$ cat run18.tsv   # TSV, C-alpha atoms
chain	number	residue	atom	x	y	z
A	1	MET	CA	38.10	50.31	44.12
A	2	ARG	CA	35.86	51.16	41.17
A	3	LYS	CA	35.78	47.54	40.13
A	4	VAL	CA	34.47	46.48	43.53
A	5	MET	CA	31.72	49.13	43.55
A	6	LEU	CA	30.61	48.15	40.05
A	7	ALA	CA	30.32	44.50	40.98
A	8	GLY	CA	28.24	45.39	44.01
A	9	LEU	CA	25.88	47.47	41.89
A	10	VAL	CA	25.28	44.61	39.51
A	11	VAL	CA	24.28	42.34	42.36
A	12	VAL	CA	21.77	44.88	43.64
A	13	VAL	CA	20.11	45.26	40.22
A	14	VAL	CA	19.69	41.51	39.77
A	15	MET	CA	18.18	41.10	43.22
A	16	ALA	CA	15.70	43.88	42.49
A	17	THR	CA	14.63	42.24	39.24
A	18	VAL	CA	13.98	38.93	40.95
A	19	ALA	CA	11.98	40.64	43.64
A	20	ALA	CA	9.86	42.43	41.04
A	21	PHE	CA	8.88	39.16	39.40
A	22	GLY	CA	7.93	37.76	42.76
A	23	VAL	CA	5.44	40.54	43.51
A	24	LYS	CA	1.82	39.62	42.79
A	25	GLY	CA	0.62	43.23	42.55
A	26	THR	CA	0.17	45.32	39.41
A	27	LEU	CA	3.34	45.80	37.39
A	28	THR	CA	3.97	49.04	35.57
A	29	TRP	CA	5.84	47.37	32.69
A	30	PHE	CA	4.28	47.40	29.25
A	31	SER	CA	3.42	44.04	27.68
A	32	GLY	CA	1.56	42.56	24.72
A	33	THR	CA	0.33	39.19	23.41
A	34	GLN	CA	-0.61	37.65	20.08
A	35	ASN	CA	-2.62	34.52	19.25
A	36	HIS	CA	-1.97	32.55	16.04
A	37	ASP	CA	-3.78	29.55	14.58
A	38	GLN	CA	-1.97	26.23	14.41
A	39	SER	CA	-2.89	24.00	11.48
A	40	VAL	CA	-1.89	20.37	10.93
A	41	THR	CA	-2.68	18.68	7.63
A	42	THR	CA	-1.83	15.05	6.94
A	43	ALA	CA	-0.98	13.62	3.55
A	44	THR	CA	-3.23	11.34	1.55
A	45	ILE	CA	-1.97	8.03	0.24
A	46	ASP	CA	-4.02	6.76	-2.68
A	47	LEU	CA	-3.68	5.39	-6.19
A	48	ASP	CA	-5.78	4.80	-9.27
A	49	GLY	CA	-5.57	2.37	-12.16
A	50	VAL	CA	-6.12	4.68	-15.09
A	51	VAL	CA	-5.26	2.61	-18.17
A	52	GLY	CA	-5.81	-1.04	-19.06
A	53	PHE	CA	-8.37	-1.91	-16.38
A	54	PRO	CA	-10.24	-4.13	-16.05
A	55	ILE	CA	-7.59	-6.60	-17.20
A	56	THR	CA	-9.09	-8.92	-19.79
A	57	ILE	CA	-7.52	-12.08	-21.19
A	58	SER	CA	-9.53	-14.01	-23.77
A	59	ASN	CA	-9.16	-17.16	-25.87
A	60	LEU	CA	-6.02	-18.18	-24.00
A	61	MET	CA	-4.53	-21.44	-25.27
A	62	PRO	CA	-2.20	-23.87	-23.43
A	63	SER	CA	1.44	-22.72	-23.72
A	64	GLU	CA	0.26	-19.26	-24.88
A	65	THR	CA	1.12	-15.95	-23.18
A	66	GLN	CA	-0.97	-12.81	-23.53
A	67	THR	CA	0.20	-9.38	-22.38
A	68	VAL	CA	-1.86	-6.47	-21.04
A	69	THR	CA	-0.35	-3.03	-20.40
A	70	VAL	CA	-1.70	-0.98	-17.49
A	71	LYS	CA	-0.96	2.40	-15.95
A	72	VAL	CA	-1.23	3.16	-12.23
A	73	GLU	CA	-1.09	6.73	-10.89
A	74	ASN	CA	-0.38	8.14	-7.44
A	75	VAL	CA	-3.40	10.37	-6.86
A	76	GLY	CA	-2.47	11.16	-3.25
A	77	THR	CA	-0.39	13.99	-1.83
A	78	GLY	CA	2.36	11.83	-0.35
A	79	THR	CA	5.07	9.65	-1.89
A	80	ALA	CA	3.88	6.04	-2.00
A	81	ASP	CA	4.90	2.46	-2.71
A	82	PHE	CA	2.55	0.36	-4.84
A	83	TYR	CA	1.51	-3.22	-4.08
A	84	VAL	CA	-0.82	-5.70	-5.74
A	85	GLN	CA	-2.78	-8.79	-4.70
A	86	MET	CA	-5.72	-10.79	-5.99
A	87	ILE	CA	-9.13	-11.18	-4.36
A	88	SER	CA	-11.13	-14.26	-5.29
A	89	SER	CA	-14.69	-14.15	-6.54
A	90	ALA	CA	-14.99	-17.87	-5.69
A	91	GLY	CA	-16.85	-18.35	-8.93
A	92	GLY	CA	-16.01	-20.14	-12.14
A	93	LYS	CA	-13.25	-22.64	-12.88
A	94	ASN	CA	-10.45	-22.82	-10.33
A	95	PHE	CA	-7.08	-22.45	-12.09
A	96	CYS	CA	-5.20	-23.47	-8.94
A	97	VAL	CA	-7.01	-26.69	-8.02
A	98	PRO	CA	-6.42	-29.50	-8.79
A	99	ASP	CA	-3.37	-28.06	-10.58
A	100	ASP	CA	-2.04	-24.52	-10.67
A	101	VAL	CA	-1.93	-23.95	-14.41
A	102	LEU	CA	-2.15	-20.16	-14.67
A	103	ASP	CA	1.10	-18.19	-14.49
A	104	ILE	CA	1.63	-14.46	-14.36
A	105	LYS	CA	4.53	-12.05	-14.72
A	106	ILE	CA	4.39	-8.41	-13.55
A	107	ARG	CA	6.92	-6.10	-15.22
A	108	ASN	CA	7.47	-2.53	-14.07
A	109	VAL	CA	8.19	-1.03	-17.49
A	110	THR	CA	8.74	2.50	-16.17
A	111	ASP	CA	11.54	1.51	-13.80
A	112	GLY	CA	12.83	-1.48	-15.77
A	113	TRP	CA	12.45	-4.29	-13.24
A	114	THR	CA	10.27	-7.37	-12.73
A	115	PRO	CA	8.55	-7.45	-9.32
A	116	TYR	CA	6.96	-10.84	-10.01
A	117	PRO	CA	8.60	-13.34	-12.36
A	118	LEU	CA	6.60	-15.72	-14.54
A	119	ALA	CA	5.21	-17.98	-11.82
A	120	SER	CA	1.91	-19.31	-10.49
A	121	ILE	CA	-0.79	-16.70	-9.89
A	122	CYS	CA	-2.02	-18.67	-6.87
A	123	PRO	CA	0.27	-17.11	-4.18
A	124	LEU	CA	-1.23	-13.71	-4.96
A	125	PHE	CA	-4.50	-14.85	-3.37
A	126	PRO	CA	-4.93	-14.74	0.44
A	127	GLY	CA	-5.21	-18.24	1.81
A	128	TRP	CA	-2.56	-19.85	-0.33
A	129	SER	CA	0.16	-21.52	1.75
A	130	GLU	CA	2.74	-19.08	0.33
A	131	SER	CA	0.42	-16.10	0.12
A	132	THR	CA	2.09	-12.78	-0.60
A	133	ILE	CA	1.39	-9.20	-1.61
A	134	VAL	CA	3.84	-8.02	-4.25
A	135	LYS	CA	5.49	-4.60	-4.21
A	136	ILE	CA	5.39	-3.36	-7.80
A	137	ALA	CA	6.77	0.20	-7.45
A	138	ASN	CA	8.89	2.25	-5.04
A	139	ASP	CA	8.80	5.93	-4.10
A	140	VAL	CA	6.10	7.07	-6.51
A	141	ALA	CA	5.80	10.86	-6.25
A	142	PRO	CA	2.37	12.55	-6.05
A	143	GLY	CA	0.93	12.85	-9.53
A	144	ALA	CA	3.41	10.38	-10.99
A	145	ALA	CA	2.40	7.21	-12.81
A	146	LYS	CA	3.97	3.82	-13.48
A	147	TRP	CA	3.43	1.57	-16.48
A	148	PHE	CA	3.29	-2.21	-16.12
A	149	ASP	CA	3.13	-5.15	-18.50
A	150	ILE	CA	1.13	-8.09	-17.19
A	151	ASP	CA	1.97	-11.40	-18.87
A	152	VAL	CA	-0.59	-14.19	-18.40
A	153	HIS	CA	0.44	-17.71	-19.38
A	154	LEU	CA	-1.59	-20.91	-19.50
A	155	SER	CA	0.50	-23.97	-18.77
A	156	THR	CA	0.84	-26.84	-21.21
A	157	ASP	CA	-0.51	-29.00	-18.35
A	158	ALA	CA	-3.93	-27.41	-18.80
A	159	GLY	CA	-5.91	-30.13	-20.52
A	160	ASN	CA	-9.53	-30.26	-21.62
A	161	TYR	CA	-10.62	-29.72	-18.03
A	162	TYR	CA	-9.77	-26.05	-18.56
A	163	GLN	CA	-11.17	-25.73	-22.08
A	164	ASN	CA	-13.79	-23.06	-22.76
A	165	VAL	CA	-13.97	-21.81	-19.16
A	166	SER	CA	-13.80	-18.34	-17.66
A	167	ARG	CA	-13.26	-16.71	-14.31
A	168	THR	CA	-13.36	-13.12	-13.04
A	169	ASP	CA	-11.50	-12.04	-9.92
A	170	THR	CA	-10.44	-8.71	-8.43
A	171	THR	CA	-7.03	-7.13	-8.81
A	172	ARG	CA	-6.44	-5.09	-5.67
A	173	LEU	CA	-4.02	-2.18	-6.01
A	174	ILE	CA	-2.61	-0.90	-2.73
A	175	ALA	CA	-0.76	2.35	-1.96
A	176	VAL	CA	1.40	2.50	1.16
A	177	GLN	CA	3.38	5.41	2.54
A	178	SER	CA	6.85	5.27	0.99
A	179	ASN	CA	9.16	3.01	3.02
A	180	GLY	CA	6.26	2.23	5.34
A	181	PRO	CA	5.40	-1.26	6.60
A	182	ALA	CA	4.25	-3.62	3.86
A	183	PRO	CA	0.61	-4.66	3.92
A	184	ILE	CA	-0.31	-8.23	4.83
A	185	PRO	CA	-3.02	-10.25	3.11
A	186	ASP	CA	-5.76	-10.07	5.71
A	187	ASP	CA	-9.31	-8.81	6.02
A	188	ASP	CA	-9.03	-5.01	5.92
A	189	GLY	CA	-12.22	-3.11	5.47
A	190	GLY	CA	-14.85	-5.79	5.24
A	191	LEU	CA	-14.04	-7.10	1.77
A	192	THR	CA	-14.43	-10.86	1.96
A	193	GLN	CA	-11.15	-12.45	0.97
A	194	CYS	CA	-11.82	-15.95	-0.25
A	195	ALA	CA	-8.99	-18.46	-0.34
A	196	TRP	CA	-9.51	-19.32	-3.99
A	197	PRO	CA	-6.85	-22.04	-4.20
A	198	ILE	CA	-8.28	-23.74	-1.11
A	199	ASP	CA	-11.99	-23.01	-1.27
A	200	GLY	CA	-13.44	-24.18	-4.55
A	201	PRO	CA	-16.45	-22.67	-6.31
A	202	GLY	CA	-19.56	-22.73	-4.16
A	203	THR	CA	-17.60	-22.89	-0.91
A	204	ALA	CA	-18.31	-20.14	1.62
A	205	CYS	CA	-15.54	-17.57	1.85
A	206	PRO	CA	-13.91	-17.09	5.26
A	207	ASP	CA	-14.25	-13.55	6.57
A	208	ASP	CA	-11.61	-13.64	9.26
A	209	ASP	CA	-7.86	-13.99	9.59
A	210	ASP	CA	-7.80	-17.41	11.26
A	211	ASP	CA	-8.59	-19.40	8.12
A	212	THR	CA	-5.60	-18.21	6.14
A	213	SER	CA	-1.86	-18.67	6.18
A	214	TYR	CA	0.66	-15.94	5.42
A	215	PRO	CA	4.43	-15.91	4.97
$ encode --input "run18.tsv" --output "structure tokens"
Amino acid sequence: MRKVMLAGLVVVVVMATVAAFGVKGTLTWFSGTQNHDQSVTTATIDLDGVVGFPITISNLMPSETQTVTVKVENVGTGTADFYVQMISSAGGKNFCVPDDVLDIKIRNVTDGWTPYPLASICPLFPGWSESTIVKIANDVAPGAAKWFDIDVHLSTDAGNYYQNVSRTDTTRLIAVQSNGPAPIPDDDGGLTQCAWPIDGPGTACPDDDDDTSYP
């Protein structure tokens, strides 16, 4: 009999509580509130070439290879992957037309691997039929740096046409959120990207994505 009475009492208390919450008048219960700020801060992804730039190769002879050592640092607050591409100045002798005679090798000395073997420099420029942007480092922690050896080789096919000439282009270093989507060689930010292997010196540079071909 006590068990039945106790069960009935519980039902009454619950019903009373529900009714109290349904009343729109003043409640006598104590209450309190607190407000706290909510802050959201995003990471920065950035990098800086701190040693060996600008890259300078001089007095290069056919069949000769010169090496430049550079250091690239993650100056952002998030872990990043590093990429590299070339941007044409469209000035000076074209080492890709009529023949691609300039080769390059990019060696990640810090991690002990070669992102770009000794091959034509031409695909590193937007507009080349096999245009690409090369990943040169993975998972670079904030504040960390990577060392690279850049080998530049002039082919034995470079005859007198390439004697005593010079050219200056831009090496574009790119930082991307670690394991994020790889960049594509397009017009990002208004920097005119001339298709050096296609558009010879004196030719207007295209400033849109329709004039170029990407892998």
$ residues_around --input "run18.tsv" --residues "Leu102 (chain A)" --least-positions-apart "2" --cutoff "10 Å" --atoms "only C-alpha atoms" --output "list in words"
Pro62, Asn94, Phe95, Cys96, Asp99, Asp100, Ile104, Leu118, Ala119, Ser120, Ile121, Cys122, Val152, His153, Leu154, Ser155, Thr156, Asp157 and Ala158 of chain A
$ axis_aligned_box --input "run18.tsv" --around "region 162-168 of chain A" --padding-each-side "3 Å" --output "JSON"
{"center_x": -11.9, "center_y": -19.6, "center_z": -17.9, "size_x": 10.2, "size_y": 18.9, "size_z": 15.7}
$ closest_residue --input "run18.tsv" --among "A:Lys71, A:Arg167, A:Lys93, A:Lys135" --to "Trp147 (chain A)" --atoms "all atoms listed in the file"
A:Lys71
$ closest_residue --input "run18.tsv" --among "A:Gln85, A:Asn160, A:Asn108, A:Thr171" --to "Val134 (chain A)" --atoms "all atoms listed in the file"
A:Gln85
$ residues_around --input "run18.tsv" --residues "Thr69 (chain A)" --least-positions-apart "4" --cutoff "7 Å" --atoms "only C-alpha atoms" --output "JSON, numbers by chain"
{"A": [52, 148, 149, 150]}
$ closest_residue --input "run18.tsv" --among "A:Ser88, A:Val40, A:Ala80, A:Val140" --to "Pro181 (chain A)" --atoms "all atoms listed in the file"
A:Ala80
$ closest_residue --input "run18.tsv" --among "A:Ser63, A:Asn74, A:Ser39, A:Ser166" --to "Ser178 (chain A)" --atoms "only C-alpha atoms"
A:Asn74
$ closest_residue --input "run18.tsv" --among "A:Ile106, A:Ala145, A:Val165, A:Ala182" --to "Val51 (chain A)" --atoms "all atoms listed in the file"
A:Ala145
$ closest_residue --input "run18.tsv" --among "A:Thr42, A:Asn138, A:Asn59, A:Gln163" --to "Asp81 (chain A)" --atoms "only C-alpha atoms"
A:Asn138
$ atom_distance --input "run18.tsv" --atom1 "CA of Tyr161 (chain A)" --atom2 "CA of Gly91 (chain A)"
15.8 Å
$ atom_distance --input "run18.tsv" --atom1 "CA of Ile57 (chain A)" --atom2 "CA of Leu124 (chain A)"
17.5 Å
$ decode --input "run18.tsv" --residues "region 41-79 of chain A" --atoms "C-alpha atoms" --output "compact mmCIF listing (two decimals), in the first residue's frame"
# COMPACT_ATOMS: atom_id res chain seq x y z
CA THR A 41 40.49 33.80 -34.84
CA THR A 42 41.57 32.24 -38.11
CA ALA A 43 45.08 31.14 -38.95
CA THR A 44 47.36 32.91 -41.39
CA ILE A 45 49.02 31.01 -44.22
CA ASP A 46 52.09 32.78 -45.53
CA LEU A 47 55.73 32.20 -46.40
CA ASP A 48 58.89 34.15 -47.05
CA GLY A 49 62.03 33.47 -49.04
CA VAL A 50 64.69 34.50 -46.57
CA VAL A 51 67.97 33.26 -48.05
CA GLY A 52 69.27 33.07 -51.62
CA PHE A 53 66.75 35.38 -53.28
CA PRO A 54 66.70 36.76 -55.86
CA ILE A 55 68.08 33.67 -57.60
CA THR A 56 70.94 34.70 -59.86
CA ILE A 57 72.66 32.53 -62.46
CA SER A 58 75.48 34.13 -64.45
CA ASN A 59 77.91 33.15 -67.20
CA LEU A 60 76.12 29.84 -67.77
CA MET A 61 77.72 27.74 -70.51
CA PRO A 62 76.12 24.96 -72.61
CA SER A 63 76.22 21.63 -70.73
CA GLU A 64 77.00 23.49 -67.47
CA THR A 65 74.93 23.30 -64.27
CA GLN A 66 74.96 25.98 -61.59
CA THR A 67 73.41 25.52 -58.14
CA VAL A 68 71.79 28.11 -55.89
CA THR A 69 70.74 27.33 -52.30
CA VAL A 70 67.63 29.04 -50.92
CA LYS A 71 65.72 28.99 -47.65
CA VAL A 72 61.94 29.39 -47.39
CA GLU A 73 60.21 29.96 -44.04
CA ASN A 74 56.61 29.53 -42.92
CA VAL A 75 55.83 32.93 -41.42
CA GLY A 76 52.13 32.15 -40.88
CA THR A 77 50.37 30.68 -37.87
CA GLY A 78 49.10 27.54 -39.58
CA THR A 79 50.83 24.45 -40.98
